[in-house]
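*Asks:* model26.txt is the file, holding compact mmCIF, C-alpha atoms and all ligand atoms:
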```txt
# COMPACT_ATOMS: atom_id res chain seq x y z
CA MET A 974 43.86 38.10 58.19
CA LYS A 975 47.43 36.84 57.96
CA LYS A 976 49.00 37.61 54.57
CA ILE A 977 51.47 35.04 53.36
CA THR A 978 53.84 34.24 50.53
CA ILE A 979 54.80 30.68 49.64
CA LEU A 980 58.07 29.96 47.88
CA GLY A 981 57.82 26.44 46.47
CA SER A 982 54.04 26.21 46.20
CA SER A 983 54.03 23.25 43.78
CA GLY A 984 56.06 20.96 46.05
CA SER A 985 54.94 18.50 48.66
CA ILE A 986 54.93 21.05 51.52
CA GLY A 987 53.69 23.92 49.32
CA THR A 988 50.59 22.08 48.15
CA GLN A 989 49.80 21.03 51.72
CA ILE A 990 50.10 24.66 52.89
CA LEU A 991 47.58 25.73 50.24
CA ASP A 992 45.33 22.84 51.19
CA ILE A 993 45.21 24.17 54.75
CA VAL A 994 44.78 27.76 53.60
CA SER A 995 41.61 26.74 51.79
CA LYS A 996 40.38 24.83 54.85
CA ILE A 997 40.85 27.70 57.30
CA LYS A 998 39.12 30.24 55.06
CA GLY A 999 39.05 33.79 56.30
CA TYR A 1000 42.18 33.35 58.38
CA VAL A 1001 44.98 33.48 55.82
CA CYS A 1002 45.28 35.08 52.41
CA VAL A 1003 47.92 34.32 49.80
CA GLU A 1004 49.83 37.33 48.42
CA GLY A 1005 52.60 35.61 46.50
CA LEU A 1006 53.46 32.20 45.06
CA ALA A 1007 56.67 30.87 43.55
CA VAL A 1008 57.29 27.61 41.70
CA GLY A 1009 60.17 26.23 39.65
CA SER A 1010 58.68 24.98 36.41
CA ASN A 1011 55.29 23.45 37.25
CA ILE A 1012 53.37 26.18 35.42
CA LYS A 1013 50.23 24.12 35.00
CA LEU A 1014 49.79 23.76 38.76
CA LEU A 1015 50.73 27.42 39.32
CA LYS A 1016 47.97 28.52 36.93
CA SER A 1017 45.35 26.61 38.88
CA GLN A 1018 46.75 28.00 42.15
CA ILE A 1019 46.53 31.54 40.72
CA LYS A 1020 42.88 31.03 39.80
CA LYS A 1021 42.01 29.64 43.21
CA PHE A 1022 44.06 31.83 45.58
CA LYS A 1023 44.36 35.06 43.56
CA PRO A 1024 47.88 36.12 44.63
CA LYS A 1025 49.17 39.61 43.74
CA ALA A 1026 52.49 38.31 42.44
CA VAL A 1027 54.13 35.08 41.31
CA SER A 1028 57.61 33.97 40.36
CA VAL A 1029 58.88 31.12 38.19
CA ASN A 1030 62.36 29.90 37.27
CA SER A 1031 62.74 30.82 33.62
CA ALA A 1032 62.19 34.09 31.78
CA PHE A 1033 60.47 32.09 29.03
CA ASP A 1034 57.82 30.72 31.41
CA ALA A 1035 57.36 34.18 32.93
CA LYS A 1036 56.71 35.70 29.49
CA ASN A 1037 54.11 33.06 28.66
CA LEU A 1038 52.49 33.45 32.05
CA LYS A 1039 52.16 37.20 31.52
CA LYS A 1040 50.40 36.57 28.21
CA TRP A 1041 48.12 34.00 29.83
CA SER A 1042 47.17 36.37 32.66
CA LYS A 1043 46.32 39.14 30.17
CA THR A 1044 44.14 36.83 28.08
CA ASN A 1045 42.35 35.66 31.20
CA ASN A 1046 42.00 39.17 32.63
CA ILE A 1047 44.02 38.40 35.75
CA LYS A 1048 45.93 41.30 37.32
CA ILE A 1049 49.17 39.85 38.60
CA ALA A 1050 52.88 40.69 38.72
CA VAL A 1051 55.05 37.96 37.19
CA TYR A 1052 58.74 37.64 38.09
CA ASN A 1053 61.41 35.06 37.44
CA GLY A 1054 64.71 33.69 38.69
CA PRO A 1055 66.46 34.39 42.02
CA LYS A 1056 65.54 38.10 41.71
CA GLY A 1057 61.90 37.07 41.44
CA LEU A 1058 62.10 35.07 44.65
CA GLU A 1059 63.61 38.06 46.42
CA LYS A 1060 60.84 40.33 45.13
CA LEU A 1061 58.25 38.00 46.61
CA ALA A 1062 60.19 37.68 49.87
CA VAL A 1063 60.07 41.42 50.53
CA MET A 1064 56.53 42.23 49.27
CA PRO A 1065 55.34 45.06 51.54
CA SER A 1066 51.84 43.64 51.95
CA THR A 1067 52.89 40.30 53.48
CA ASP A 1068 53.35 39.32 57.13
CA MET A 1069 54.92 35.95 56.67
CA MET A 1070 56.84 33.86 54.18
CA PHE A 1071 56.89 30.11 53.85
CA ALA A 1072 60.28 28.97 52.60
CA SER A 1073 59.64 25.56 51.10
CA ILE A 1074 62.09 25.39 48.23
CA VAL A 1075 64.38 22.37 48.46
CA GLY A 1076 68.13 22.92 48.57
CA SER A 1077 70.43 25.84 49.26
CA ALA A 1078 68.64 28.00 46.65
CA GLY A 1079 66.11 29.05 49.29
CA LEU A 1080 68.64 30.79 51.54
CA GLN A 1081 68.83 34.19 49.87
CA SER A 1082 65.08 34.64 49.93
CA VAL A 1083 64.95 33.71 53.64
CA VAL A 1084 67.58 36.37 54.40
CA ALA A 1085 65.75 38.94 52.27
CA ALA A 1086 62.44 38.24 54.04
CA VAL A 1087 63.97 38.51 57.52
CA LYS A 1088 65.67 41.80 56.59
CA ALA A 1089 62.29 43.06 55.36
CA LYS A 1090 60.91 42.18 58.83
CA LYS A 1091 58.75 39.24 57.80
CA ASP A 1092 58.23 36.21 59.97
CA VAL A 1093 59.56 33.17 58.14
CA ALA A 1094 58.27 29.63 58.41
CA VAL A 1095 61.18 27.48 57.34
CA ALA A 1096 60.47 24.20 55.60
CA ASN A 1097 63.75 24.63 53.76
CA LYS A 1098 66.11 22.76 56.05
CA GLU A 1099 69.20 23.64 54.05
CA SER A 1100 69.01 27.35 54.80
CA LEU A 1101 69.10 26.71 58.56
CA ILE A 1102 71.88 24.14 58.20
CA MET A 1103 73.90 26.39 55.94
CA ALA A 1104 73.41 29.68 57.73
CA GLY A 1105 71.53 28.88 60.95
CA LYS A 1106 73.32 31.20 63.36
CA TYR A 1107 73.44 33.97 60.78
CA ILE A 1108 69.67 33.76 60.19
CA MET A 1109 68.77 33.48 63.88
CA ASN A 1110 70.91 36.55 64.72
CA LEU A 1111 69.36 38.46 61.84
CA ALA A 1112 65.87 37.50 63.06
CA THR A 1113 66.64 38.79 66.57
CA GLU A 1114 68.01 42.05 65.14
CA ASN A 1115 64.88 42.54 63.05
CA GLY A 1116 62.44 41.41 65.74
CA VAL A 1117 60.89 38.63 63.64
CA SER A 1118 60.20 34.97 64.32
CA ILE A 1119 61.59 31.92 62.57
CA LEU A 1120 58.89 29.30 62.77
CA PRO A 1121 59.45 25.60 62.23
CA VAL A 1122 57.37 23.60 59.77
CA ASP A 1123 58.99 20.19 60.18
CA SER A 1124 56.92 17.93 62.43
CA GLU A 1125 59.74 17.37 64.93
CA HIS A 1126 60.69 21.02 65.25
CA SER A 1127 57.08 22.05 65.48
CA ALA A 1128 56.78 19.55 68.34
CA ILE A 1129 59.84 20.99 70.10
CA PHE A 1130 58.49 24.51 69.50
CA GLN A 1131 55.19 23.51 71.11
CA CYS A 1132 57.00 21.84 74.03
CA CYS A 1133 58.99 24.98 74.86
CA ASP A 1134 56.41 27.69 74.25
CA GLY A 1135 56.50 29.85 77.39
CA GLU A 1136 59.49 27.97 78.86
CA LYS A 1137 63.03 29.26 79.38
CA LYS A 1138 65.51 27.92 76.82
CA SER A 1139 68.25 28.01 79.47
CA GLN A 1140 66.31 25.38 81.44
CA ILE A 1141 66.35 22.81 78.64
CA LYS A 1142 68.49 19.81 79.55
CA ARG A 1143 68.04 17.75 76.38
CA ILE A 1144 66.02 17.75 73.23
CA LEU A 1145 64.81 14.25 72.37
CA LEU A 1146 64.39 14.29 68.61
CA THR A 1147 62.32 11.36 67.43
CA ALA A 1148 62.84 9.50 64.16
CA SER A 1149 60.72 6.85 62.49
CA GLY A 1150 63.97 5.12 61.57
CA GLY A 1151 63.13 5.07 57.87
CA PRO A 1152 62.82 1.87 55.84
CA PHE A 1153 66.18 0.36 56.90
CA TYR A 1154 66.62 0.67 60.63
CA ARG A 1155 65.96 -3.06 60.99
CA TYR A 1156 67.45 -4.03 57.61
CA ASP A 1157 70.23 -6.56 58.02
CA LYS A 1158 71.19 -7.21 54.39
CA ASP A 1159 73.93 -5.55 52.36
CA PHE A 1160 73.28 -1.76 52.42
CA SER A 1161 75.33 -1.26 49.24
CA LYS A 1162 72.69 -3.19 47.25
CA ILE A 1163 69.77 -1.01 48.33
CA THR A 1164 67.83 0.16 45.27
CA ILE A 1165 66.18 3.52 44.58
CA GLU A 1166 62.75 1.90 44.84
CA GLN A 1167 63.55 0.42 48.27
CA ALA A 1168 64.96 3.72 49.50
CA LEU A 1169 61.95 5.69 48.27
CA ASP A 1170 59.52 3.44 50.13
CA HIS A 1171 59.21 5.32 53.45
CA PRO A 1172 57.07 3.57 56.10
CA THR A 1173 55.19 6.58 57.55
CA TRP A 1174 55.66 9.86 55.72
CA LYS A 1175 54.92 10.76 52.10
CA MET A 1176 57.47 13.37 51.09
CA GLY A 1177 59.62 14.70 48.25
CA LYS A 1178 62.35 12.44 46.80
CA LYS A 1179 65.42 14.15 48.30
CA ILE A 1180 64.09 14.10 51.84
CA THR A 1181 62.87 10.51 51.45
CA ILE A 1182 66.39 9.35 50.55
CA ASP A 1183 67.76 11.44 53.42
CA SER A 1184 65.29 9.63 55.70
CA ALA A 1185 66.60 6.28 54.49
CA THR A 1186 70.26 7.20 55.22
CA LEU A 1187 69.10 9.01 58.41
CA MET A 1188 70.94 12.09 57.11
CA ASN A 1189 67.57 13.79 57.42
CA LYS A 1190 67.67 13.17 61.16
CA GLY A 1191 71.23 14.44 61.33
CA LEU A 1192 70.18 17.61 59.50
CA GLU A 1193 67.21 17.92 61.85
CA ALA A 1194 69.46 17.60 64.90
CA ILE A 1195 71.54 20.53 63.62
CA GLU A 1196 68.37 22.45 62.79
CA ALA A 1197 67.03 21.87 66.33
CA SER A 1198 70.27 23.05 67.88
CA VAL A 1199 70.12 26.23 65.77
CA LEU A 1200 66.40 26.99 66.17
CA PHE A 1201 66.29 26.43 69.91
CA GLY A 1202 69.76 27.72 70.76
CA VAL A 1203 71.14 24.56 72.41
CA SER A 1204 74.44 22.85 71.69
CA ILE A 1205 74.38 19.78 69.42
CA GLU A 1206 75.48 17.61 72.36
CA LYS A 1207 72.12 18.35 73.97
CA VAL A 1208 70.17 16.97 71.00
CA GLU A 1209 69.59 13.24 71.23
CA ILE A 1210 68.04 11.15 68.48
CA VAL A 1211 65.47 8.56 69.51
CA ILE A 1212 64.12 5.97 67.05
CA HIS A 1213 60.36 5.78 67.52
CA PRO A 1214 58.80 3.63 64.77
CA GLN A 1215 55.17 4.57 65.52
CA SER A 1216 55.78 8.29 64.71
CA ILE A 1217 53.25 9.39 67.32
CA VAL A 1218 55.58 11.29 69.67
CA HIS A 1219 56.95 13.99 67.39
CA SER A 1220 59.73 15.03 69.78
CA MET A 1221 60.27 15.86 73.44
CA ILE A 1222 62.15 18.23 75.70
CA GLU A 1223 63.69 17.21 78.99
CA TYR A 1224 64.05 20.11 81.42
CA ILE A 1225 66.62 20.53 84.19
CA ASP A 1226 64.10 19.44 86.84
CA GLY A 1227 63.66 16.06 85.11
CA SER A 1228 60.29 16.83 83.51
CA VAL A 1229 59.91 15.58 79.95
CA ILE A 1230 57.31 17.33 77.79
CA ALA A 1231 56.25 15.65 74.56
CA GLN A 1232 53.94 16.50 71.69
CA LEU A 1233 51.83 13.65 70.33
CA SER A 1234 49.42 13.40 67.42
CA SER A 1235 48.62 11.23 64.41
CA HIS A 1236 51.34 11.60 61.81
CA ASP A 1237 50.02 14.17 59.41
CA MET A 1238 52.09 17.12 58.14
CA HIS A 1239 48.94 19.23 58.05
CA LEU A 1240 49.17 19.78 61.80
CA PRO A 1241 52.67 21.34 62.01
CA ILE A 1242 51.95 23.38 58.87
CA GLN A 1243 48.68 24.66 60.29
CA TYR A 1244 50.36 25.52 63.60
CA ALA A 1245 52.99 27.58 61.78
CA LEU A 1246 50.17 29.34 59.88
CA THR A 1247 48.02 30.13 62.90
CA TYR A 1248 50.60 30.50 65.72
CA PRO A 1249 50.05 31.65 68.46
CA GLU A 1250 46.45 30.52 67.92
CA ARG A 1251 45.19 26.97 67.50
CA LEU A 1252 42.34 26.23 65.11
CA PRO A 1253 40.36 23.02 64.62
CA SER A 1254 41.97 20.73 62.05
CA ASN A 1255 40.95 17.77 59.93
CA ILE A 1256 43.68 15.43 61.08
CA LYS A 1257 42.76 11.99 62.36
CA PRO A 1258 42.26 12.24 66.14
CA LEU A 1259 44.91 10.36 68.11
CA ASN A 1260 43.54 7.08 69.42
CA LEU A 1261 46.06 5.76 71.94
CA PHE A 1262 44.14 2.50 72.39
CA GLU A 1263 44.46 1.83 68.68
CA VAL A 1264 48.18 2.73 68.76
CA GLY A 1265 48.65 0.38 71.72
CA LYS A 1266 52.35 0.76 72.26
CA LEU A 1267 55.02 3.36 71.81
CA GLU A 1268 58.57 2.08 71.31
CA PHE A 1269 61.89 3.90 71.59
CA TYR A 1270 65.33 2.70 70.46
CA LYS A 1271 68.85 4.06 70.27
CA PRO A 1272 69.97 4.72 66.67
CA ASP A 1273 72.91 2.71 65.33
CA PHE A 1274 75.56 5.26 64.30
CA ASN A 1275 77.68 2.53 62.63
CA LYS A 1276 74.87 1.35 60.40
CA PHE A 1277 73.96 4.95 59.56
CA PRO A 1278 77.26 6.84 59.17
CA CYS A 1279 75.42 9.99 58.04
CA LEU A 1280 74.43 10.56 61.68
CA ASN A 1281 78.09 10.68 62.69
CA LEU A 1282 78.84 13.06 59.83
CA ALA A 1283 76.05 15.42 60.88
CA TYR A 1284 77.16 15.57 64.53
CA TYR A 1285 80.79 15.94 63.45
CA SER A 1286 79.85 18.86 61.17
CA ALA A 1287 77.76 20.57 63.84
CA LYS A 1288 80.61 20.34 66.35
CA LYS A 1289 83.09 21.76 63.82
CA GLY A 1290 80.63 24.54 62.97
CA TYR A 1291 81.36 27.53 60.71
CA THR A 1292 81.16 26.44 57.04
CA VAL A 1293 81.22 22.69 57.73
CA PRO A 1294 77.45 22.06 58.11
CA ALA A 1295 76.90 23.93 54.82
CA VAL A 1296 79.51 21.81 53.06
CA MET A 1297 77.99 18.63 54.46
CA SER A 1298 74.48 19.56 53.42
CA VAL A 1299 75.56 20.46 49.87
CA ALA A 1300 77.68 17.32 49.45
CA ASP A 1301 74.64 15.31 50.55
CA GLU A 1302 72.41 17.17 48.07
CA VAL A 1303 74.81 16.29 45.24
CA ALA A 1304 75.26 12.68 46.37
CA VAL A 1305 71.53 12.05 46.74
CA ALA A 1306 70.91 13.41 43.24
CA ALA A 1307 73.62 11.07 41.91
CA PHE A 1308 72.02 8.11 43.70
CA LEU A 1309 68.62 9.00 42.23
CA ASN A 1310 70.28 9.14 38.79
CA LYS A 1311 71.75 5.67 39.35
CA LYS A 1312 75.32 6.98 39.26
CA ILE A 1313 76.33 5.79 42.73
CA LYS A 1314 75.39 3.17 45.32
CA PHE A 1315 73.32 3.87 48.42
CA THR A 1316 76.39 3.47 50.66
CA ASP A 1317 78.38 5.93 48.51
CA ILE A 1318 76.21 8.81 49.74
CA ALA A 1319 77.89 8.87 53.17
CA LYS A 1320 81.32 8.22 51.64
CA ILE A 1321 81.03 11.22 49.32
CA VAL A 1322 79.82 13.46 52.14
CA GLU A 1323 82.68 12.31 54.39
CA LYS A 1324 85.34 12.79 51.75
CA THR A 1325 84.03 16.28 50.98
CA ILE A 1326 83.86 17.54 54.58
CA LYS A 1327 87.26 16.07 55.46
CA SER A 1328 88.87 17.88 52.50
CA HIS A 1329 87.18 21.19 53.26
CA LYS A 1330 89.24 24.10 54.56
CA ILE A 1331 87.04 25.71 57.21
CA SER A 1332 86.38 29.41 56.85
CA LYS A 1333 85.80 31.09 60.22
CA ASN A 1334 84.72 34.37 58.74
CA ILE A 1335 80.99 33.76 58.26
CA SER A 1336 79.09 35.91 55.79
CA LEU A 1337 76.68 35.02 53.01
CA ASP A 1338 79.63 35.27 50.61
CA THR A 1339 81.82 32.78 52.47
CA LEU A 1340 78.85 30.45 52.87
CA PHE A 1341 78.09 30.53 49.15
CA GLU A 1342 81.78 30.06 48.37
CA ALA A 1343 81.81 26.96 50.59
CA ASP A 1344 78.58 25.81 48.93
CA LEU A 1345 80.08 26.13 45.45
CA TRP A 1346 83.33 24.44 46.48
CA ALA A 1347 81.45 21.49 48.04
CA ARG A 1348 79.18 21.14 45.02
CA GLN A 1349 82.13 20.95 42.62
CA TYR A 1350 84.20 18.73 44.90
CA ALA A 1351 81.38 16.21 45.42
CA GLU A 1352 80.72 16.18 41.66
CA LYS A 1353 84.39 15.41 41.03
CA ILE A 1354 84.28 12.48 43.44
CA ILE A 1355 81.22 11.14 41.64
CA LYS A 1356 82.94 11.47 38.25
CA LYS A 1357 85.93 9.72 39.83
CA GLU A 1358 88.17 12.68 39.09
CA ILE A 1359 89.32 12.64 42.71
MG MG B 1 61.01 15.66 59.96
```
Mind turning the file's structure into structure tokens?
Ligand code: MG
*Replies:*
Amino acid sequence: MKKITILGSSGSIGTQILDIVSKIKGYVCVEGLAVGSNIKLLKSQIKKFKPKAVSVNSAFDAKNLKKWSKTNNIKIAVYNGPKGLEKLAVMPSTDMMFASIVGSAGLQSVVAAVKAKKDVAVANKESLIMAGKYIMNLATENGVSILPVDSEHSAIFQCCDGEKKSQIKRILLTASGGPFYRYDKDFSKITIEQALDHPTWKMGKKITIDSATLMNKGLEAIEASVLFGVSIEKVEIVIHPQSIVHSMIEYIDGSVIAQLSSHDMHLPIQYALTYPERLPSNIKPLNLFEVGKLEFYKPDFNKFPCLNLAYYSAKKGYTVPAVMSVADEVAVAAFLNKKIKFTDIAKIVEKTIKSHKISKNISLDTLFEADLWARQYAEKIIKKEI
């Protein structure tokens, strides 16, 4: 029985993880759950999965939850805030943590879990963008694995299982292209509704906007370079509208290995849960005759400036990817709040990274300093103070 903790269990990935846990009964048990403020959903998850501990954002919610558990005769530890997340991350009884909190808030709990020698499945992109090398080195020191949850990285992981990383020539990272890769109208007039209408994947709001600007793919390229230890120049983005090939690896001998399946997040999540085993799943079997054709296109870096910004940041390294990711987080939130135009997202990110003074001394402190600076700087641009 694998014992897991899920940080972010009320989100899009979190609920899918629990869905799979209940389908592969007897294989995984849930020790800890953390949500932000969706207490109603957490209560039903507590009843169903019987975790030993939970954590929520506010002290107020935690107090009420304690009362509720007493009244219902449920023995459970209730924590709150960043300290609460850390408590869950290091719970002695767990083997593995799923980090599926959006944004840079998830980083500290990932670091805590790795230090406590837990395998970590990372659905929280930002922590790998912000502190990728730091986390990977820490994982090696502690002898634990960092497992991908994203469909593309799971594909790459599956394509290189048992292979030598030094023999990878290129990673071919596929992208659906989002709703606008063929859009030829004015990008500055794109509305929130249009941007939220993703053709293949149903996801949270932030990542859906990132998929529309292709920043998501840029972040994924950096993530791939970190997770698989290859330079960013070796990661190539391939637009593949059918979303059937989830990514590929080209090896030095010219062989290209790909992972294909119907597009369903349940598969990569289940693989992270059961690795190194494979279990039957409920996903729709791949019918290649029904799919008919698989297309591949080069992405247009001029139309999608966020791609340039991501590669630029990865090449600069140090604190720059963190600054880029945070500036994007702030800009996307402003777009969703109707404060800026769709095309302003890339402009704000660019302005922020170009004004950033790189710190070459990488520690959690310098990374959080850079994070805070970028957050405030991007906010100032939005308020037109800069
Ligand atoms: Mg993805």
*Asks:* When the cut-off is 8 Å and you count only C-alpha atoms and all ligand atoms, which residues lie near ligand MG 1 (chain B), shown as a PyMOL selection string?
*Replies:* chain A and resi 1123-1126+1148+1189-1190+1193
*Asks:* As a ChimeraX atom specification, please: the residues near A:Gly1265 (cut-off 12 Å, only C-alpha atoms, same-chain neighbours under 5 positions excluded).
*Replies:* /A:1215,1217,1259-1260
*Asks:* List every protein, DNA or RNA residue that has an atom no more than 10 Å from (76.4, 8.8, 52.2) in the file's coordinate frame, counting only C-alpha atoms, and report them as JSON, numbers by chain.
*Replies:* {"A": [1183, 1186, 1187, 1188, 1277, 1278, 1279, 1280, 1282, 1300, 1301, 1304, 1305, 1308, 1313, 1314, 1315, 1316, 1317, 1318, 1319, 1320, 1321, 1322, 1323, 1324]}
*Asks:* Any idea what the distance is between atom CA of A:Leu980 and atom CA of A:Ala1007?
*Replies:*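 Atom CA of A:Ala1007 lies at a distance of 4.6 Å from atom CA of A:Leu980.
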*Asks:* When distances are computed from only C-alpha atoms, which of A:Gln1243, A:Gly1079, A:Lys1088, A:Glu1136 shows the smallest separation from A:Gln989?
*Replies:* A:Gln1243
*Asks:* Determine, counting all atoms listed in the file, which protein, DNA and RNA residues have an atom within 9 Å of an atom of A:Glu1059; residues of the same chain fewer than 4 positions away are not included. Present the result as a list in words.
*Replies:*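 Listing them by chain and then by number gives Gly1054, Pro1055, Val1063, Met1064, Gln1081, Ser1082, Val1083, Ala1085 and Ala1086 of chain A.
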*Asks:* Find the residues around A:Tyr1156 up to 12 Å (all atoms listed in the file counted), leave out those fewer than 6 positions away in its own chain, and share them as an MDAnalysis selection string.
*Replies:* chainID A and resid 1150 1162:1163 1167:1168 1185:1186 1273 1276:1277
*Asks:* Find the spatial neighbours of A:Ile1222, counting all atoms listed in the file, within a cut-off of 7 Å - ignore same-chain residues fewer than 2 positions away - and output them as a list in words.
*Replies:*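 In the requested format, the answer is Ile1129, Cys1132, Ile1141, Arg1143, Ile1144, Leu1145, Tyr1224, Val1229, Ile1230 and Ala1231 of chain A.
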*Asks:* Please report the interatomic distance between atom CA of A:Gly1177 and atom CA of A:Asn1011 in Å with one decimal.
*Replies:* 14.7 Å
*Asks:* Counting all atoms listed in the file, write as a PDB file with C-alpha atoms, keeping the file's coordinate frame all protein and nucleic acid residues lying at most 6 Å from (76.6, 12.5, 40.7) in the file's frame.
*Replies:*
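Now in out_20.pdb:
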```pdb
ATOM      1  CA  ALA A1304      75.260  12.680  46.370  1.00  0.00           C
ATOM      2  CA  ALA A1307      73.620  11.070  41.910  1.00  0.00           C
ATOM      3  CA  LYS A1312      75.320   6.980  39.260  1.00  0.00           C
ATOM      4  CA  GLU A1352      80.720  16.180  41.660  1.00  0.00           C
ATOM      5  CA  ILE A1355      81.220  11.140  41.640  1.00  0.00           C
TER       6      ILE A1355
END
```
*Asks:* Between A:Asp992, A:Pro1258, A:Ser1332, A:Met974, which one has atoms that come closest to A:Trp1346, using only C-alpha atoms?
*Replies:*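 Among A:Asp992, A:Pro1258, A:Ser1332, A:Met974, it is A:Ser1332 that comes nearest to A:Trp1346.
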*Asks:* Report as a list in words all protein, DNA and RNA residues lying within 9 Å of A:Ile1119, evaluated on all atoms listed in the file, omitting residues in the same chain fewer than 5 positions from it.
*Replies:*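 Close residues of A:Ile1119: Val1087, Asp1092, Val1093, Ala1094, Val1095, Ile1108, Met1109, Ala1112 and Leu1200 of chain A.
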*Asks:* Of the residues A:Asn1097, A:Asn1037, A:Ser1216, A:Asn1030, which is the one nearest to A:Ser1298, using only C-alpha atoms?
*Replies:*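 That would be A:Asn1097, the residue with the smallest distance to A:Ser1298.
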*Asks:* Point out the residue among A:Pro1152, A:Ala1197, A:Asn1053, A:Tyr1350 with the least atom-to-atom distance to A:Glu1166, counting all atoms listed in the file.
*Replies:*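 Nearest to A:Glu1166: A:Pro1152.
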*Asks:* Between A:Leu1246, A:Leu1015, A:Gly999, A:Gly1191, single out the one closest to A:Ile1102, counting all atoms listed in the file.
*Replies:* A:Gly1191
*Asks:* Atom CA of A:Glu1209 and atom CA of A:Ala1194 are how many Å apart?
*Replies:*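 Interatomic distance, atom CA of A:Glu1209 to atom CA of A:Ala1194: 7.7 Å.
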*Asks:* Would you please take stretch 1084-1103 of chain A of the structure in the block above and write C-alpha atoms to a file as an mmCIF file, in the first residue's frame?
*Replies:*
```cif
data_model
loop_
_atom_site.group_PDB
_atom_site.id
_atom_site.type_symbol
_atom_site.label_atom_id
_atom_site.label_comp_id
_atom_site.auth_asym_id
_atom_site.auth_seq_id
_atom_site.Cartn_x
_atom_site.Cartn_y
_atom_site.Cartn_z
ATOM 1 C CA VAL A 1084 11.494 21.161 -0.311
ATOM 2 C CA ALA A 1085 10.282 19.994 3.108
ATOM 3 C CA ALA A 1086 8.995 16.703 1.664
ATOM 4 C CA VAL A 1087 12.228 15.985 -0.222
ATOM 5 C CA LYS A 1088 14.288 16.710 2.906
ATOM 6 C CA ALA A 1089 12.042 14.282 4.806
ATOM 7 C CA LYS A 1090 12.916 11.683 2.127
ATOM 8 C CA LYS A 1091 9.523 11.501 0.453
ATOM 9 C CA ASP A 1092 9.083 10.960 -3.254
ATOM 10 C CA VAL A 1093 7.309 13.969 -4.706
ATOM 11 C CA ALA A 1094 4.967 14.000 -7.674
ATOM 12 C CA VAL A 1095 5.066 17.554 -8.933
ATOM 13 C CA ALA A 1096 1.967 18.996 -10.545
ATOM 14 C CA ASN A 1097 3.061 22.389 -9.273
ATOM 15 C CA LYS A 1098 5.044 23.664 -12.238
ATOM 16 C CA GLU A 1099 6.142 26.839 -10.507
ATOM 17 C CA SER A 1100 8.273 25.068 -7.923
ATOM 18 C CA LEU A 1101 10.359 23.375 -10.636
ATOM 19 C CA ILE A 1102 10.613 26.600 -12.645
ATOM 20 C CA MET A 1103 11.548 28.619 -9.596
#
```
